[in-house]
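K.L.:
Structure file target_1.cif (mmCIF, C-alpha atoms) right here:
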data_work
#
loop_
_atom_site.label_atom_id
_atom_site.label_comp_id
_atom_site.auth_asym_id
_atom_site.auth_seq_id
_atom_site.Cartn_x
_atom_site.Cartn_y
_atom_site.Cartn_z
CA MET A 797 -15.95 76.13 8.29
CA LYS A 798 -12.18 76.23 7.91
CA ASN A 799 -10.70 79.22 6.18
CA TYR A 800 -7.96 78.02 3.88
CA ARG A 801 -4.93 80.03 2.86
CA LYS A 802 -5.28 82.46 0.01
CA ILE A 803 -3.58 81.68 -3.29
CA ASN A 804 -3.50 84.46 -5.85
CA ARG A 805 -5.01 83.75 -9.24
CA ALA A 806 -2.42 82.76 -11.81
CA GLU A 807 -1.49 85.21 -14.56
CA LYS A 808 -2.34 84.23 -18.15
CA SER A 809 1.34 83.51 -18.79
CA GLU A 810 1.23 80.72 -16.15
CA TYR A 811 -1.04 78.31 -18.00
CA PRO A 812 -1.87 77.21 -21.56
CA SER A 813 -4.40 79.31 -23.46
CA TYR A 814 -6.99 76.50 -23.60
CA SER A 815 -7.26 76.70 -19.81
CA GLN A 816 -8.64 80.24 -20.02
CA TYR A 817 -12.13 78.75 -20.37
CA TYR A 818 -11.72 77.12 -16.94
CA PHE A 819 -10.38 80.30 -15.37
CA ASP A 820 -13.33 82.27 -16.75
CA LEU A 821 -15.69 80.08 -14.68
CA ILE A 822 -13.98 81.02 -11.40
CA ALA A 823 -15.08 84.17 -9.57
CA THR A 824 -12.42 84.33 -6.87
CA ASN A 825 -9.03 85.95 -7.25
CA ASP A 826 -7.44 84.35 -4.18
CA ASN A 827 -9.88 82.11 -2.29
CA ILE A 828 -9.57 79.06 -4.53
CA LEU A 829 -9.14 76.54 -1.71
CA ASN A 830 -12.33 77.69 0.01
CA ASP A 831 -14.07 77.43 -3.37
CA LEU A 832 -12.77 73.88 -3.85
CA HIS A 833 -14.02 72.95 -0.39
CA ASP A 834 -17.45 74.56 -0.77
CA ASN A 835 -17.96 73.45 -4.37
CA PHE A 836 -17.56 69.81 -3.39
CA PHE A 837 -20.63 70.04 -1.15
CA LYS A 838 -22.62 72.09 -3.65
CA ILE A 839 -21.88 69.55 -6.37
CA LYS A 840 -22.76 66.66 -4.09
CA ASP A 841 -26.12 68.26 -3.21
CA PHE A 842 -26.79 69.03 -6.87
CA ILE A 843 -26.00 65.49 -8.08
CA TYR A 844 -28.04 63.86 -5.32
CA SER A 845 -31.02 66.03 -6.34
CA LEU A 846 -31.06 64.50 -9.84
CA PRO A 847 -33.36 61.63 -10.82
CA THR A 848 -31.51 58.32 -10.62
CA GLU A 849 -32.04 57.57 -14.31
CA LYS A 850 -30.13 60.75 -15.25
CA LEU A 851 -26.95 59.42 -13.63
CA THR A 852 -26.37 56.84 -16.38
CA TYR A 853 -27.97 58.80 -19.25
CA ARG A 854 -25.89 59.65 -22.33
CA TYR A 855 -27.07 62.70 -24.26
CA ASP A 856 -25.35 61.37 -27.40
CA THR A 857 -23.43 58.33 -28.62
CA ASN A 858 -20.08 57.88 -26.86
CA LYS A 859 -20.74 60.75 -24.44
CA TRP A 860 -20.05 60.11 -20.79
CA THR A 861 -22.74 59.52 -18.20
CA ILE A 862 -22.93 61.78 -15.16
CA LYS A 863 -21.35 59.03 -13.05
CA GLU A 864 -18.50 58.78 -15.55
CA ILE A 865 -18.06 62.56 -15.41
CA LEU A 866 -17.79 62.42 -11.62
CA VAL A 867 -15.11 59.73 -11.74
CA HIS A 868 -13.34 61.70 -14.49
CA LEU A 869 -13.27 64.71 -12.14
CA ILE A 870 -11.69 62.52 -9.46
CA ASP A 871 -9.09 61.17 -11.91
CA ASP A 872 -8.26 64.62 -13.28
CA GLU A 873 -7.91 66.11 -9.81
CA ARG A 874 -5.56 63.33 -8.73
CA ILE A 875 -3.39 63.78 -11.79
CA PHE A 876 -3.24 67.58 -11.62
CA ALA A 877 -2.61 67.58 -7.85
CA TYR A 878 0.24 65.13 -8.47
CA ARG A 879 1.64 67.54 -11.06
CA ALA A 880 1.36 70.36 -8.51
CA LEU A 881 3.30 68.28 -5.98
CA ARG A 882 6.05 67.49 -8.50
CA TYR A 883 6.41 71.11 -9.62
CA ALA A 884 6.19 72.44 -6.04
CA ARG A 885 9.09 70.18 -5.10
CA ASN A 886 11.01 71.77 -7.98
CA ASP A 887 10.76 68.71 -10.22
CA ASP A 888 10.08 70.14 -13.66
CA THR A 889 10.38 66.82 -15.49
CA PRO A 890 7.76 66.90 -18.27
CA LEU A 891 4.88 64.62 -17.35
CA HIS A 892 2.78 62.62 -19.77
CA GLY A 893 -0.90 63.40 -20.12
CA PHE A 894 -3.65 60.84 -19.86
CA GLU A 895 -6.27 59.52 -22.27
CA GLU A 896 -9.44 60.65 -20.54
CA ASN A 897 -11.79 58.55 -22.70
CA ALA A 898 -9.91 55.36 -21.86
CA TYR A 899 -9.96 56.29 -18.19
CA ALA A 900 -13.73 56.79 -18.34
CA ARG A 901 -14.27 53.56 -20.29
CA TYR A 902 -12.38 51.50 -17.72
CA SER A 903 -13.65 53.28 -14.61
CA ASN A 904 -16.78 51.12 -14.10
CA ALA A 905 -18.38 54.32 -12.83
CA ASN A 906 -21.90 53.25 -13.80
CA GLU A 907 -21.65 50.17 -11.59
CA ARG A 908 -20.73 52.25 -8.53
CA SER A 909 -23.11 53.84 -6.07
CA LEU A 910 -23.18 57.61 -5.66
CA ASP A 911 -22.21 57.16 -2.03
CA ASN A 912 -19.12 55.23 -3.10
CA ILE A 913 -18.17 57.79 -5.77
CA PHE A 914 -18.58 60.74 -3.40
CA GLU A 915 -16.62 58.99 -0.65
CA GLU A 916 -13.67 58.74 -3.04
CA TYR A 917 -14.30 62.26 -4.40
CA TRP A 918 -14.14 63.74 -0.88
CA SER A 919 -11.00 61.78 -0.05
CA VAL A 920 -9.26 63.14 -3.14
CA ARG A 921 -10.57 66.67 -2.49
CA LEU A 922 -9.37 66.65 1.10
CA SER A 923 -5.97 65.44 -0.06
CA THR A 924 -5.85 68.27 -2.64
CA LEU A 925 -6.82 70.86 -0.04
CA LEU A 926 -4.18 69.64 2.40
CA LEU A 927 -1.53 69.60 -0.32
CA PHE A 928 -2.13 73.22 -1.37
CA GLU A 929 -2.69 74.37 2.22
CA ASN A 930 0.73 73.12 3.25
CA LEU A 931 2.93 73.93 0.26
CA PRO A 932 5.64 76.53 0.87
CA GLU A 933 4.63 79.96 -0.42
CA ALA A 934 7.63 80.07 -2.74
CA SER A 935 6.46 76.93 -4.52
CA PHE A 936 3.35 78.48 -6.09
CA LEU A 937 5.31 80.09 -8.93
CA ARG A 938 7.32 76.97 -9.74
CA ALA A 939 6.24 75.35 -12.98
CA GLY A 940 6.43 72.31 -15.16
CA SER A 941 5.17 71.08 -18.50
CA ALA A 942 3.42 68.17 -20.09
CA ILE A 943 4.89 65.94 -22.76
CA ASP A 944 2.61 64.95 -25.62
CA ILE A 945 2.39 61.46 -27.08
CA ASP A 946 4.64 62.59 -29.93
CA GLY A 947 7.28 63.89 -27.50
CA VAL A 948 6.41 67.58 -27.81
CA ILE A 949 6.79 69.55 -24.57
CA LYS A 950 3.76 71.78 -24.01
CA ASN A 951 1.17 73.12 -21.57
CA LYS A 952 3.47 74.72 -19.02
CA ARG A 953 1.69 75.56 -15.75
CA THR A 954 2.63 76.97 -12.38
CA VAL A 955 1.61 75.26 -9.16
CA ARG A 956 -1.01 77.91 -8.39
CA ALA A 957 -2.40 77.62 -11.93
CA LEU A 958 -2.96 73.92 -11.23
CA ALA A 959 -5.16 74.72 -8.21
CA TYR A 960 -7.28 76.97 -10.41
CA HIS A 961 -7.28 74.38 -13.19
CA ILE A 962 -8.77 71.77 -10.84
CA ALA A 963 -11.55 74.14 -9.77
CA GLY A 964 -12.32 75.45 -13.25
CA HIS A 965 -12.24 72.02 -14.86
CA GLU A 966 -14.76 70.80 -12.28
CA LEU A 967 -17.05 73.78 -12.92
CA SER A 968 -16.85 73.26 -16.69
CA HIS A 969 -18.18 69.72 -16.33
CA ILE A 970 -20.99 70.81 -14.00
CA LYS A 971 -21.90 73.44 -16.61
CA ILE A 972 -21.97 70.69 -19.26
CA ILE A 973 -24.22 68.54 -17.07
CA LYS A 974 -26.66 71.40 -16.59
CA GLU A 975 -26.68 72.42 -20.25
CA ARG A 976 -26.52 69.12 -22.11
CA TYR A 977 -28.07 66.65 -19.68
CA LEU A 978 -30.66 68.90 -18.03
CA HIS A 979 -31.14 71.52 -20.80
CA GLN A 980 -30.59 74.48 -18.49
CA THR A 981 -29.08 77.80 -19.46
CA VAL A 982 -26.09 78.54 -17.26
CA ASP A 983 -24.28 81.84 -16.74
CA ALA A 984 -20.51 81.25 -16.71
CA LEU A 985 -19.92 82.63 -13.20
CA GLN A 986 -23.06 81.07 -11.70
CA VAL A 987 -22.53 77.41 -12.50
CA LEU A 988 -23.25 76.23 -8.96
CA LEU A 989 -26.14 78.60 -8.15
#
Can the structure in the file be given as structure tokens, please?

P.N.:
Amino acid sequence: MKNYRKINRAEKSEYPSYSQYYFDLIATNDNILNDLHDNFFKIKDFIYSLPTEKLTYRYDTNKWTIKEILVHLIDDERIFAYRALRYARNDDTPLHGFEENAYARYSNANERSLDNIFEEYWSVRLSTLLLFENLPEASFLRAGSAIDIDGVIKNKRTVRALAYHIAGHELSHIKIIKERYLHQTVDALQVLL
């Protein structure tokens, strides 16, 4: 296994307060790239262990299926890695968010095979790992913000906070799958155990 560079955990001042939930799911203080690498394979094994009918099950009206969650994770990672690239290159232009429910609705995730979804997932993950592995050290504290639909600038994050966001966001959705789709009790720091 490759050992990726260490990236120190972002301070609370480097990300919006709502992201604290994601950070609380992450055990590492500097090995986030190794976690991102390893978690991909743990998630893949976990999802492939589920009964096929669970992959398109909705636990409530208008809730996403597991396949839609997986494609959402891919979309979110792409978007947040792009933000990291922009901020790392010292481009702090506020970037618009995205409407995650519309993305899920138009993803056609339920018509895709798991093999196809995980092929794309790995491609995006590898791209994310290579991006963060090769960024200049000085870039990790550069930051940028989002711009809301009403033009309000908000949600400032550093580059390193974005790496942790990607990992924590992924873990939060796996926790949701275990709790709401499989009715398991999950300890916050043991989501993938």

K.L.:
Using only C-alpha atoms, which protein or nucleic acid residues come within 12 Å of segment 813-819 of chain A? Drop anything in the same chain fewer than 4 positions from it, and give the result as a PyMOL selection string.

P.N.:
chain A and resi 805-809+823-825+828+950-953+956-971+984-985+987

K.L.:
Distance atom CA of Pro890 of chain A-atom CA of Ile943 of chain A, one decimal place?

P.N.:
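These atoms are spaced 5.4 Å apart.
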
K.L.:
Given the choices A:His892, A:Lys838, A:Arg874, A:Arg938, which gets closest to Arg921 of chain A if the distance is worked out from only C-alpha atoms?

P.N.:
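Of the candidates, the smallest distance to Arg921 of chain A is held by A:Arg874.
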
K.L.:
Between A:Glu864, A:Glu873, A:Glu915, A:Asp944, which residue has the minimum interatomic distance to Leu891 of chain A, considering all atoms listed in the file?

P.N.:
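The closest residue to Leu891 of chain A is A:Asp944.
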
K.L.:
How many Å separate atom CA of Tyr977 of chain A from atom CA of Tyr855 of chain A?

P.N.:
6.1 Å

K.L.:
Could you name the residues that touch segment 842-848 of chain A at 12 Å or less, counting all atoms listed in the file, but leaving out those on the same chain fewer than 5 positions away, as a list in words?

P.N.:
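Counting all atoms listed in the file, the residues come to Asn835, Phe836, Phe837, Tyr853, Thr861, Ile862, Lys863, Ile865, Leu866, Asn906, Ser909, Leu910, Asp911, Ile913, Phe914, Ile970, Lys971, Ile973, Lys974, Tyr977, Leu978, Val987, Leu988 and Leu989 of chain A.
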
K.L.:
So the first atom is atom CA of Ser919 of chain A and the second is atom CA of Arg879 of chain A; what is the distance between them in Å, to one decimal place?

P.N.:
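Computed distance, atom CA of Ser919 of chain A to atom CA of Arg879 of chain A, equals 17.7 Å.
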
K.L.:
Suppose a student applies the PyMOL selection byres ((chain A and resi 881) around 10) to this structure; what residues should they get, written as a list of chain:residue names?

P.N.:
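This file, filtered by the PyMOL selection byres ((chain A and resi 881) around 10), leaves A:Ile875, A:Phe876, A:Ala877, A:Tyr878, A:Arg879, A:Ala880, A:Arg882, A:Tyr883, A:Ala884, A:Arg885, A:Asn886, A:Asp887, A:Thr924, A:Leu927, A:Phe928, A:Leu931, A:Ser935, A:Val955, A:Leu958.
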
K.L.:
With only C-alpha atoms as the basis for distance, which of A:Gln980, A:Thr954, A:Ser941, A:Asn804 is at the shortest distance from Asp888 of chain A?

P.N.:
A:Ser941

K.L.:
So which one's closest to Val948 of chain A, A:Pro932, A:Asp826, A:Gly893, A:Arg908? Using all atoms listed in the file, please.

P.N.:
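Going through A:Pro932, A:Asp826, A:Gly893, A:Arg908 one by one, the smallest distance to Val948 of chain A is for A:Gly893.
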
K.L.:
Using only C-alpha atoms, which of A:Gly947, A:Asn799, A:Thr981, A:Ala900 sits nearest Lys859 of chain A?

P.N.:
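Under the stated criterion, the closest residue is A:Ala900.
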
K.L.:
When distances are computed from all atoms listed in the file, which of A:Arg901, A:Asp946, A:Trp918, A:Thr852 shows the smallest separation from Ile870 of chain A?

P.N.:
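Among the listed residues, A:Trp918 lies closest to Ile870 of chain A.
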